[in-house]
Amino acid sequence: MKFGIVGCGFIAKKHATAISNIEGAELVAVCDKVESMMQPYIDEYGAKGYTELSDMLKSDVDVVCICTPSGFHANLAVEIAEAKKHIIVEKPIAMKLEDTKIMIEAAKKNEVKLQVVHPNRFRPVVMELKTILDKGLLGKISHANCIVNWNRGQEYYDQAPWRGTKAHDGGVLMNQAIHNLDLLLWFMGEPESIFSMEATRLRNIEAEDVSCGIVRFKDGALANIQASTTVYPKNYEESITIFGEKGTVKIGGANALYFEHIIYEGMDEKEIEGLKENIQNDPWGTPGHQRIIEDMIDAIQNDRTPLVPGEEGEKSLKLVLKMYESAEKQQQLNWI
């Protein structure tokens with residue numbers, strides 16, 4: 001399976017490394033307007049460099065990974081789909097819901113696969129919690145907490161002019177917390193209503209650096225969302241806690257997700273400790289980007305839908321945009 005990458009910034013390195021670790025996958029092409037950005041990939045992987053995407057799409061690539069600033073995702077995805085190439089797109093899938101719909105429709109029309117990079121779904125602890133919830137082991141869910149308190153200093157935003165802009169990057173919800181918002185929706189189902197407040201407190205950026213929100217889900221459960229990039233002096237917490245009538249589970253950690261707390265009715269202490277130990281010994285499992293790319297290869301070979309298709313990326317984007325709209329209007333909004 002031959003891969004190309006468009007956009008050779010920081011995140012492209014994760015894609016290149018993942019591709020190189022997969023047997024039967026090869027990075028054969030990279031594309032960037034700035035030629036010097038492509039050079040490390042040309043030197044290390046033997047990829048051919050292109051300054052125009054249209055030229056790269058004339059080559060024999062099978063899948064293109066979109067690693068550009070988010071505001072450019074939609075137009076690139078449509079161009080790639082029309083060239084009959086499969087698409088892996090970094091989060092968020094796009095900056096506007098109408099762009100997301102255009103991307104999904106272009107992939108369907110041209111019969112190509114569209115996969116969104118939400119790699120946290122593949123972490124062992126996340127998959128275990130999803131199984132616990134799917135089996136109903138926590139009983140009726142009361143509420144949940146979704147927390148991302150991270151540090152991103154001003155130097156982070158000053159690295160590139162698009163960082164922290166509303167058009168191409170967004171703030172903490174769109175850029176950092178969207179992975180956990182994706183998991184929250186995956187665990188809890190479809191929302192019914194949203195209320196949110198946000199602020200730009202410490203960073204000199206256009207978008208928000210702190211956000212607090214409440215979601216009511218269709219089954220009546222509530223969720224608190226807290227996200228920031230203003231924590232001093234380093235990342236403090238990333239966690240999701242689910243509170244049910246028969247148990248409570250918290251997955252978290254400053255830089256990795258593992259079981260911080262797990263207990264539910266009928267689960268003995270030995271089983272709890274064994275599960276926590278297994279997960280904490282291997283909190284990541286196979287790196288998420290590699291799992292995403294492996295899943296895309298399998299989806300192509302077996303002609304099935306990828307595990308994180310465009311429609312799933314659309315859900316987390318919709319939640320972010322609803323939270324933005326609620327904060328701007330200072331009112332509760334319905335999901336539909």
# chains A, B, ... in the order shown; residues from 1 in each chain; ligands from 1
call {"tool": "closest_atom_pairs", "arguments": {"of": "segment 150-170 of chain A", "to": "segment 174-188 of chain A", "cutoff": "9 Å", "atoms": "only C-alpha atoms", "output": "CSV"}}
result
residue,atom,partner,partner_atom,distance
A:Trp150,CA,A:Gln176,CA,8.3
A:Gly164,CA,A:Asn175,CA,8.8
A:Asp169,CA,A:Asn175,CA,6.7
A:Gly170,CA,A:Met174,CA,5.3
call {"tool": "residues_around", "arguments": {"residues": "His143 of chain A", "least_positions_apart": "6", "cutoff": "7 Å", "atoms": "only C-alpha atoms", "output": "list of chain:residue names"}}
result
A:Ala221, A:Leu222, A:Ala223, A:Ile242, A:Phe243
call {"tool": "select_by_dssp", "arguments": {"residues": "segment 119-302 of chain A", "states": "alpha helix (DSSP H)", "output": "PDB file with N, CA and C atoms, in the first residue's frame"}}
result
ATOM      1  N   PRO A 124      -5.511   0.764  24.780  1.00  0.00           N
ATOM      2  CA  PRO A 124      -6.091  -0.394  25.470  1.00  0.00           C
ATOM      3  C   PRO A 124      -7.099  -0.012  26.554  1.00  0.00           C
ATOM      4  N   VAL A 125      -6.818   1.028  27.343  1.00  0.00           N
ATOM      5  CA  VAL A 125      -7.723   1.398  28.423  1.00  0.00           C
ATOM      6  C   VAL A 125      -9.041   1.937  27.873  1.00  0.00           C
ATOM      7  N   VAL A 126      -8.983   2.648  26.763  1.00  0.00           N
ATOM      8  CA  VAL A 126     -10.195   3.185  26.141  1.00  0.00           C
ATOM      9  C   VAL A 126     -11.059   2.055  25.603  1.00  0.00           C
ATOM     10  N   MET A 127     -10.427   1.103  24.938  1.00  0.00           N
ATOM     11  CA  MET A 127     -11.170  -0.028  24.389  1.00  0.00           C
ATOM     12  C   MET A 127     -11.796  -0.862  25.514  1.00  0.00           C
ATOM     13  N   GLU A 128     -11.088  -0.982  26.642  1.00  0.00           N
ATOM     14  CA  GLU A 128     -11.624  -1.731  27.778  1.00  0.00           C
ATOM     15  C   GLU A 128     -12.834  -1.023  28.380  1.00  0.00           C
ATOM     16  N   LEU A 129     -12.741   0.307  28.535  1.00  0.00           N
ATOM     17  CA  LEU A 129     -13.876   1.056  29.075  1.00  0.00           C
ATOM     18  C   LEU A 129     -15.071   1.002  28.133  1.00  0.00           C
ATOM     19  N   LYS A 130     -14.821   1.071  26.837  1.00  0.00           N
ATOM     20  CA  LYS A 130     -15.912   0.955  25.864  1.00  0.00           C
ATOM     21  C   LYS A 130     -16.617  -0.394  26.009  1.00  0.00           C
ATOM     22  N   THR A 131     -15.848  -1.456  26.218  1.00  0.00           N
ATOM     23  CA  THR A 131     -16.430  -2.787  26.417  1.00  0.00           C
ATOM     24  C   THR A 131     -17.275  -2.828  27.684  1.00  0.00           C
ATOM     25  N   ILE A 132     -16.764  -2.227  28.764  1.00  0.00           N
ATOM     26  CA  ILE A 132     -17.498  -2.180  30.030  1.00  0.00           C
ATOM     27  C   ILE A 132     -18.839  -1.480  29.844  1.00  0.00           C
ATOM     28  N   LEU A 133     -18.829  -0.364  29.119  1.00  0.00           N
ATOM     29  CA  LEU A 133     -20.064   0.387  28.893  1.00  0.00           C
ATOM     30  C   LEU A 133     -21.022  -0.361  27.971  1.00  0.00           C
ATOM     31  N   ASP A 134     -20.476  -0.961  26.921  1.00  0.00           N
ATOM     32  CA  ASP A 134     -21.327  -1.700  25.974  1.00  0.00           C
ATOM     33  C   ASP A 134     -22.013  -2.896  26.633  1.00  0.00           C
ATOM     34  N   GLN A 154       2.921  30.542  25.178  1.00  0.00           N
ATOM     35  CA  GLN A 154       2.796  31.455  24.044  1.00  0.00           C
ATOM     36  C   GLN A 154       3.745  31.083  22.916  1.00  0.00           C
ATOM     37  N   GLU A 155       4.904  30.508  23.267  1.00  0.00           N
ATOM     38  CA  GLU A 155       5.862  30.106  22.233  1.00  0.00           C
ATOM     39  C   GLU A 155       5.275  29.039  21.315  1.00  0.00           C
ATOM     40  N   TYR A 156       4.407  28.198  21.852  1.00  0.00           N
ATOM     41  CA  TYR A 156       3.737  27.184  21.029  1.00  0.00           C
ATOM     42  C   TYR A 156       2.900  27.861  19.946  1.00  0.00           C
ATOM     43  N   TYR A 157       2.121  28.849  20.333  1.00  0.00           N
ATOM     44  CA  TYR A 157       1.259  29.531  19.372  1.00  0.00           C
ATOM     45  C   TYR A 157       2.052  30.417  18.415  1.00  0.00           C
ATOM     46  N   VAL A 172      -8.555  25.632  22.395  1.00  0.00           N
ATOM     47  CA  VAL A 172      -8.315  24.399  23.130  1.00  0.00           C
ATOM     48  C   VAL A 172      -9.346  23.317  22.813  1.00  0.00           C
ATOM     49  N   LEU A 173     -10.594  23.692  22.564  1.00  0.00           N
ATOM     50  CA  LEU A 173     -11.603  22.683  22.243  1.00  0.00           C
ATOM     51  C   LEU A 173     -11.309  22.013  20.913  1.00  0.00           C
ATOM     52  N   MET A 174     -11.031  22.811  19.913  1.00  0.00           N
ATOM     53  CA  MET A 174     -10.844  22.294  18.561  1.00  0.00           C
ATOM     54  C   MET A 174      -9.524  21.557  18.407  1.00  0.00           C
ATOM     55  N   ASN A 175      -8.501  22.024  19.096  1.00  0.00           N
ATOM     56  CA  ASN A 175      -7.162  21.502  18.843  1.00  0.00           C
ATOM     57  C   ASN A 175      -6.720  20.449  19.855  1.00  0.00           C
ATOM     58  N   ILE A 178     -10.393  17.948  21.517  1.00  0.00           N
ATOM     59  CA  ILE A 178     -11.310  17.257  20.601  1.00  0.00           C
ATOM     60  C   ILE A 178     -11.152  15.739  20.670  1.00  0.00           C
ATOM     61  N   HIS A 179      -9.959  15.259  21.009  1.00  0.00           N
ATOM     62  CA  HIS A 179      -9.782  13.812  21.148  1.00  0.00           C
ATOM     63  C   HIS A 179     -10.644  13.270  22.292  1.00  0.00           C
ATOM     64  N   ASN A 180     -10.643  13.982  23.423  1.00  0.00           N
ATOM     65  CA  ASN A 180     -11.443  13.519  24.553  1.00  0.00           C
ATOM     66  C   ASN A 180     -12.929  13.744  24.319  1.00  0.00           C
ATOM     67  N   LEU A 181     -13.280  14.780  23.576  1.00  0.00           N
ATOM     68  CA  LEU A 181     -14.684  14.976  23.213  1.00  0.00           C
ATOM     69  C   LEU A 181     -15.162  13.833  22.319  1.00  0.00           C
ATOM     70  N   ASP A 182     -14.292  13.381  21.425  1.00  0.00           N
ATOM     71  CA  ASP A 182     -14.621  12.222  20.589  1.00  0.00           C
ATOM     72  C   ASP A 182     -14.893  10.998  21.462  1.00  0.00           C
ATOM     73  N   LEU A 183     -14.043  10.773  22.464  1.00  0.00           N
ATOM     74  CA  LEU A 183     -14.250   9.629  23.354  1.00  0.00           C
ATOM     75  C   LEU A 183     -15.524   9.787  24.170  1.00  0.00           C
ATOM     76  N   LEU A 184     -15.796  10.995  24.650  1.00  0.00           N
ATOM     77  CA  LEU A 184     -17.005  11.235  25.435  1.00  0.00           C
ATOM     78  C   LEU A 184     -18.248  10.861  24.640  1.00  0.00           C
ATOM     79  N   LEU A 185     -18.304  11.285  23.379  1.00  0.00           N
ATOM     80  CA  LEU A 185     -19.446  10.950  22.527  1.00  0.00           C
ATOM     81  C   LEU A 185     -19.498   9.461  22.237  1.00  0.00           C
ATOM     82  N   TRP A 186     -18.350   8.844  22.052  1.00  0.00           N
ATOM     83  CA  TRP A 186     -18.270   7.398  21.776  1.00  0.00           C
ATOM     84  C   TRP A 186     -18.788   6.606  22.973  1.00  0.00           C
ATOM     85  N   PHE A 187     -18.471   7.080  24.170  1.00  0.00           N
ATOM     86  CA  PHE A 187     -18.907   6.401  25.389  1.00  0.00           C
ATOM     87  C   PHE A 187     -20.376   6.673  25.720  1.00  0.00           C
ATOM     88  N   MET A 188     -20.813   7.912  25.536  1.00  0.00           N
ATOM     89  CA  MET A 188     -22.098   8.363  26.102  1.00  0.00           C
ATOM     90  C   MET A 188     -23.243   8.438  25.098  1.00  0.00           C
ATOM     91  N   GLU A 269     -11.690  -7.691  43.822  1.00  0.00           N
ATOM     92  CA  GLU A 269     -10.507  -6.843  43.951  1.00  0.00           C
ATOM     93  C   GLU A 269      -9.340  -7.362  43.112  1.00  0.00           C
ATOM     94  N   LYS A 270      -9.173  -8.675  43.050  1.00  0.00           N
ATOM     95  CA  LYS A 270      -8.072  -9.263  42.283  1.00  0.00           C
ATOM     96  C   LYS A 270      -8.225  -8.943  40.794  1.00  0.00           C
ATOM     97  N   GLU A 271      -9.453  -9.040  40.301  1.00  0.00           N
ATOM     98  CA  GLU A 271      -9.710  -8.745  38.895  1.00  0.00           C
ATOM     99  C   GLU A 271      -9.443  -7.279  38.601  1.00  0.00           C
ATOM    100  N   ILE A 272      -9.859  -6.393  39.508  1.00  0.00           N
ATOM    101  CA  ILE A 272      -9.636  -4.958  39.340  1.00  0.00           C
ATOM    102  C   ILE A 272      -8.147  -4.649  39.264  1.00  0.00           C
ATOM    103  N   GLU A 273      -7.373  -5.172  40.210  1.00  0.00           N
ATOM    104  CA  GLU A 273      -5.938  -4.892  40.254  1.00  0.00           C
ATOM    105  C   GLU A 273      -5.226  -5.476  39.037  1.00  0.00           C
ATOM    106  N   GLY A 274      -5.639  -6.667  38.605  1.00  0.00           N
ATOM    107  CA  GLY A 274      -5.031  -7.275  37.427  1.00  0.00           C
ATOM    108  C   GLY A 274      -5.270  -6.460  36.175  1.00  0.00           C
ATOM    109  N   LEU A 275      -6.502  -5.948  36.039  1.00  0.00           N
ATOM    110  CA  LEU A 275      -6.837  -5.137  34.872  1.00  0.00           C
ATOM    111  C   LEU A 275      -6.072  -3.828  34.874  1.00  0.00           C
ATOM    112  N   LYS A 276      -5.997  -3.180  36.044  1.00  0.00           N
ATOM    113  CA  LYS A 276      -5.263  -1.916  36.147  1.00  0.00           C
ATOM    114  C   LYS A 276      -3.777  -2.124  35.839  1.00  0.00           C
ATOM    115  N   GLU A 277      -3.206  -3.217  36.349  1.00  0.00           N
ATOM    116  CA  GLU A 277      -1.784  -3.489  36.138  1.00  0.00           C
ATOM    117  C   GLU A 277      -1.481  -3.728  34.666  1.00  0.00           C
ATOM    118  N   ASN A 278      -2.314  -4.509  33.992  1.00  0.00           N
ATOM    119  CA  ASN A 278      -2.094  -4.787  32.578  1.00  0.00           C
ATOM    120  C   ASN A 278      -2.123  -3.513  31.741  1.00  0.00           C
ATOM    121  N   ILE A 279      -3.091  -2.641  32.021  1.00  0.00           N
ATOM    122  CA  ILE A 279      -3.235  -1.414  31.251  1.00  0.00           C
ATOM    123  C   ILE A 279      -2.088  -0.453  31.535  1.00  0.00           C
ATOM    124  N   GLN A 280      -1.698  -0.305  32.812  1.00  0.00           N
ATOM    125  CA  GLN A 280      -0.654   0.646  33.173  1.00  0.00           C
ATOM    126  C   GLN A 280       0.712   0.197  32.695  1.00  0.00           C
ATOM    127  N   ASN A 281       0.903  -1.106  32.511  1.00  0.00           N
ATOM    128  CA  ASN A 281       2.161  -1.598  31.955  1.00  0.00           C
ATOM    129  C   ASN A 281       2.280  -1.286  30.468  1.00  0.00           C
ATOM    130  N   GLY A 288      -1.256   4.954  18.343  1.00  0.00           N
ATOM    131  CA  GLY A 288      -2.563   5.198  17.738  1.00  0.00           C
ATOM    132  C   GLY A 288      -2.523   5.485  16.258  1.00  0.00           C
ATOM    133  N   HIS A 289      -1.539   6.275  15.805  1.00  0.00           N
ATOM    134  CA  HIS A 289      -1.467   6.575  14.376  1.00  0.00           C
ATOM    135  C   HIS A 289      -1.216   5.306  13.561  1.00  0.00           C
ATOM    136  N   GLN A 290      -0.413   4.413  14.116  1.00  0.00           N
ATOM    137  CA  GLN A 290      -0.173   3.146  13.413  1.00  0.00           C
ATOM    138  C   GLN A 290      -1.457   2.329  13.338  1.00  0.00           C
ATOM    139  N   ARG A 291      -2.246   2.306  14.407  1.00  0.00           N
ATOM    140  CA  ARG A 291      -3.504   1.565  14.399  1.00  0.00           C
ATOM    141  C   ARG A 291      -4.489   2.164  13.392  1.00  0.00           C
ATOM    142  N   ILE A 292      -4.524   3.483  13.305  1.00  0.00           N
ATOM    143  CA  ILE A 292      -5.391   4.155  12.334  1.00  0.00           C
ATOM    144  C   ILE A 292      -5.023   3.736  10.915  1.00  0.00           C
ATOM    145  N   ILE A 293      -3.724   3.752  10.608  1.00  0.00           N
ATOM    146  CA  ILE A 293      -3.261   3.432   9.261  1.00  0.00           C
ATOM    147  C   ILE A 293      -3.446   1.948   8.962  1.00  0.00           C
ATOM    148  N   GLU A 294      -3.174   1.088   9.944  1.00  0.00           N
ATOM    149  CA  GLU A 294      -3.421  -0.349   9.766  1.00  0.00           C
ATOM    150  C   GLU A 294      -4.901  -0.612   9.499  1.00  0.00           C
ATOM    151  N   ASP A 295      -5.757   0.110  10.202  1.00  0.00           N
ATOM    152  CA  ASP A 295      -7.198  -0.059   9.994  1.00  0.00           C
ATOM    153  C   ASP A 295      -7.603   0.381   8.594  1.00  0.00           C
ATOM    154  N   MET A 296      -7.017   1.460   8.105  1.00  0.00           N
ATOM    155  CA  MET A 296      -7.324   1.914   6.750  1.00  0.00           C
ATOM    156  C   MET A 296      -6.911   0.872   5.714  1.00  0.00           C
ATOM    157  N   ILE A 297      -5.729   0.297   5.889  1.00  0.00           N
ATOM    158  CA  ILE A 297      -5.262  -0.740   4.964  1.00  0.00           C
ATOM    159  C   ILE A 297      -6.234  -1.918   4.949  1.00  0.00           C
ATOM    160  N   ASP A 298      -6.642  -2.363   6.137  1.00  0.00           N
ATOM    161  CA  ASP A 298      -7.574  -3.486   6.227  1.00  0.00           C
ATOM    162  C   ASP A 298      -8.933  -3.119   5.622  1.00  0.00           C
ATOM    163  N   ALA A 299      -9.383  -1.882   5.837  1.00  0.00           N
ATOM    164  CA  ALA A 299     -10.664  -1.441   5.282  1.00  0.00           C
ATOM    165  C   ALA A 299     -10.641  -1.456   3.759  1.00  0.00           C
ATOM    166  N   ILE A 300      -9.513  -1.056   3.185  1.00  0.00           N
ATOM    167  CA  ILE A 300      -9.374  -1.062   1.722  1.00  0.00           C
ATOM    168  C   ILE A 300      -9.347  -2.503   1.207  1.00  0.00           C
ATOM    169  N   GLN A 301      -8.552  -3.337   1.857  1.00  0.00           N
ATOM    170  CA  GLN A 301      -8.391  -4.710   1.395  1.00  0.00           C
ATOM    171  C   GLN A 301      -9.672  -5.522   1.516  1.00  0.00           C
TER     172      GLN A 301
END
call {"tool": "residues_around", "arguments": {"residues": "Gly220 of chain A", "least_positions_apart": "5", "cutoff": "9 Å", "atoms": "only C-alpha atoms", "output": "number ranges by chain"}}
result
A: 141-143, 192
call {"tool": "write_last_selection", "arguments": {"atoms": "C-alpha atoms", "output": "mmCIF file, in the first residue's frame"}}
result
data_model
loop_
_atom_site.group_PDB
_atom_site.id
_atom_site.type_symbol
_atom_site.label_atom_id
_atom_site.label_comp_id
_atom_site.auth_asym_id
_atom_site.auth_seq_id
_atom_site.Cartn_x
_atom_site.Cartn_y
_atom_site.Cartn_z
ATOM 1 C CA ILE A 141 -25.165 6.259 33.816
ATOM 2 C CA SER A 142 -25.638 9.285 36.043
ATOM 3 C CA HIS A 143 -23.008 11.658 34.667
ATOM 4 C CA GLU A 192 -29.627 16.398 23.513
#
call {"tool": "closest_residue", "arguments": {"among": "A:Ala327, A:Ile88, A:Ala16, A:Val215", "to": "Val63 of chain A", "atoms": "only C-alpha atoms"}}
result
A:Ile88
call {"tool": "residues_around", "arguments": {"residues": "Thr230 of chain A", "least_positions_apart": "5", "cutoff": "7 Å", "atoms": "only C-alpha atoms", "output": "NGL selection string"}}
result
:A and (150-152 or 202 or 209)
call {"tool": "closest_residue", "arguments": {"among": "A:Thr286, A:Gln332, A:Ser54, A:Ser59", "to": "Ser196 of chain A", "atoms": "only C-alpha atoms"}}
result
A:Gln332
